[in-house]
Amino acid sequence: MKKYFFGALAFAAVMASCNNASPKMDDKPQAAGAENVSGMKIAYVEVDSLMTQYDFAKDYSLTLQKKSNNARNTLTQKTNELQAAVSNFQQKLQSNGFQSREQAQNVQAGIERRQRDLQELQARLESELASETQKFNEALRDSLNSFLTSYNKDKKYDLILSKAGDNILLADTRYNITKDIVNGLNKRYKPAVKKEDKKAEKK
């Protein structure tokens with residue numbers, strides 16, 4: 001079964017309105033490839049830290065992992081059962097264990113049906129897991145966008161970037177607002193299952 005990964009989030013940039021006034025005649029032309037960011041207030045959020053510290057992301061990741069494990073176990077069990085049926089069929093065929101050619105053909109047809117059923121089951125489980133993963137990504141994006149919109153009313157950043165892997169090669173840590181964002185998100189997050197209930201489930 002395919003392994004699904006929770007892709008890194010593409011954060012929506014929070015942009016303030018830029019000054020679109022026409023340039024003055026005495027303005028100096030910008031160097032090619034350069035942008036005038038003077039006076040802009042910029043910050044960034046570390047995606048990896050967000051995924052490992054935001055309680056919603058952690059809870060949903062556990063849910064997806066559990067569903068993935070259940071699907072894999074189901075497919076493994078049915079695959080083993082099918083392999084046993086194929087092995088038994090081959091042994092009986094070699095030892096002339098079937099009473100007639102028709103009986104052997106019926107058993108073979110039954111095995112082929114089980115093979116098709118297993119393929120359909122695998123495709124269905126993969127589709128369900130992919131759909132659930134997409135649902136998670138959308139919910140996480142909506143949660144983040146909603147919080148950032150509220151958060152930025154006071155902070156008034158012109159641009160909030162996502163730092164995932166090496167997409168930002170170098171950044172001063174004073175622009176890192178990850179901890180602030182994670183704390184705010186966790187404060188707003190209300191899990192469907194309380195932590196006390198989770199402890200009870202583990203017991």
# chains A, B, ... in the order shown; residues from 1 in each chain; ligands from 1
>>> select_by_dssp(residues="range 18-174 of chain A", states="alpha helix (DSSP H)", output="PyMOL selection string")
chain A and resi 47-53+55-94+101-155
>>> residues_around(residues="Glu112 in chain A", least_positions_apart="3", cutoff="12 Å", atoms="only C-alpha atoms", output="PyMOL selection string")
chain A and resi 82-83+85-86+89+105-109+115-119
>>> closest_residue(among="A:Ser127, A:Leu140, A:Ala71, A:Asp158", to="Asp59 in chain A", atoms="only C-alpha atoms")
A:Leu140
>>> residues_around(residues="range 38-53 of chain A", least_positions_apart="6", cutoff="8 Å", atoms="only C-alpha atoms", output="list of chain:residue names")
A:Ala8, A:Leu9, A:Lys156, A:Tyr157, A:Asp158, A:Leu159, A:Ile160, A:Leu161, A:Ser162, A:Lys163, A:Ala164, A:Tyr175, A:Asn176, A:Ile177, A:Thr178, A:Ile181, A:Val182
>>> residues_around(residues="range 128-131 of chain A", least_positions_apart="3", cutoff="8 Å", atoms="only C-alpha atoms", output="short mmCIF file (atom, residue, chain, number, x, y, z; two decimals) with all heavy atoms, in the first residue's frame")
data_model
loop_
_atom_site.label_atom_id
_atom_site.label_comp_id
_atom_site.auth_asym_id
_atom_site.auth_seq_id
_atom_site.Cartn_x
_atom_site.Cartn_y
_atom_site.Cartn_z
N TYR A 4 1.49 7.49 2.56
CA TYR A 4 1.13 8.89 2.35
C TYR A 4 1.90 9.76 3.33
O TYR A 4 2.05 9.43 4.50
CB TYR A 4 -0.38 9.10 2.54
CG TYR A 4 -1.17 8.50 1.42
CD1 TYR A 4 -1.65 7.21 1.49
CD2 TYR A 4 -1.37 9.22 0.24
CE1 TYR A 4 -2.36 6.66 0.44
CE2 TYR A 4 -2.08 8.68 -0.81
CZ TYR A 4 -2.57 7.40 -0.71
OH TYR A 4 -3.27 6.85 -1.75
N LEU A 64 -4.48 9.80 11.35
CA LEU A 64 -4.14 9.32 10.01
C LEU A 64 -3.22 8.11 10.07
O LEU A 64 -3.36 7.16 9.30
CB LEU A 64 -3.49 10.43 9.20
CG LEU A 64 -4.42 11.56 8.75
CD1 LEU A 64 -3.60 12.69 8.12
CD2 LEU A 64 -5.46 11.06 7.76
N LYS A 67 -5.27 5.05 10.96
CA LYS A 67 -6.04 4.58 9.81
C LYS A 67 -5.14 3.89 8.79
O LYS A 67 -5.53 2.87 8.19
CB LYS A 67 -6.78 5.75 9.16
CG LYS A 67 -7.93 6.28 10.00
CD LYS A 67 -8.70 7.37 9.27
CE LYS A 67 -9.88 7.84 10.10
NZ LYS A 67 -10.69 8.88 9.41
N SER A 68 -3.95 4.44 8.60
CA SER A 68 -3.00 3.84 7.67
C SER A 68 -2.57 2.46 8.15
O SER A 68 -2.49 1.50 7.36
CB SER A 68 -1.78 4.75 7.53
OG SER A 68 -0.82 4.17 6.67
N ARG A 124 -9.53 1.30 -2.85
CA ARG A 124 -10.51 2.04 -2.05
C ARG A 124 -9.86 2.59 -0.78
O ARG A 124 -10.08 3.75 -0.41
CB ARG A 124 -11.70 1.14 -1.70
CG ARG A 124 -12.74 1.83 -0.82
CD ARG A 124 -14.00 0.99 -0.67
NE ARG A 124 -13.73 -0.28 -0.03
CZ ARG A 124 -13.61 -0.45 1.29
NH1 ARG A 124 -13.73 0.60 2.10
NH2 ARG A 124 -13.40 -1.64 1.80
N LEU A 125 -9.07 1.76 -0.10
CA LEU A 125 -8.42 2.20 1.13
C LEU A 125 -7.42 3.32 0.86
O LEU A 125 -7.32 4.28 1.63
CB LEU A 125 -7.72 1.01 1.81
CG LEU A 125 -8.63 -0.07 2.38
CD1 LEU A 125 -7.82 -1.24 2.93
CD2 LEU A 125 -9.53 0.49 3.48
N GLN A 134 -6.04 14.93 2.51
CA GLN A 134 -6.38 16.22 1.91
C GLN A 134 -7.27 17.03 2.85
O GLN A 134 -7.10 18.25 2.99
CB GLN A 134 -7.09 16.00 0.57
CG GLN A 134 -7.44 17.29 -0.14
CD GLN A 134 -8.15 17.06 -1.47
OE1 GLN A 134 -8.35 15.92 -1.90
NE2 GLN A 134 -8.53 18.13 -2.13
N LYS A 135 -8.21 16.35 3.49
CA LYS A 135 -9.10 17.02 4.44
C LYS A 135 -8.29 17.63 5.58
O LYS A 135 -8.57 18.75 6.03
CB LYS A 135 -10.11 16.00 4.98
CG LYS A 135 -11.07 16.55 6.01
CD LYS A 135 -12.00 15.45 6.50
CE LYS A 135 -12.91 15.97 7.62
NZ LYS A 135 -13.78 14.87 8.13
#
>>> atom_distance(atom1="CA of Thr63 in chain A", atom2="CA of Leu75 in chain A")
18.5 Å
>>> select_by_dssp(residues="range 78-171 of chain A", states="strand (DSSP E or B)", output="list in words")
Leu159, Ile160, Leu161, Ser162 and Lys163 of chain A
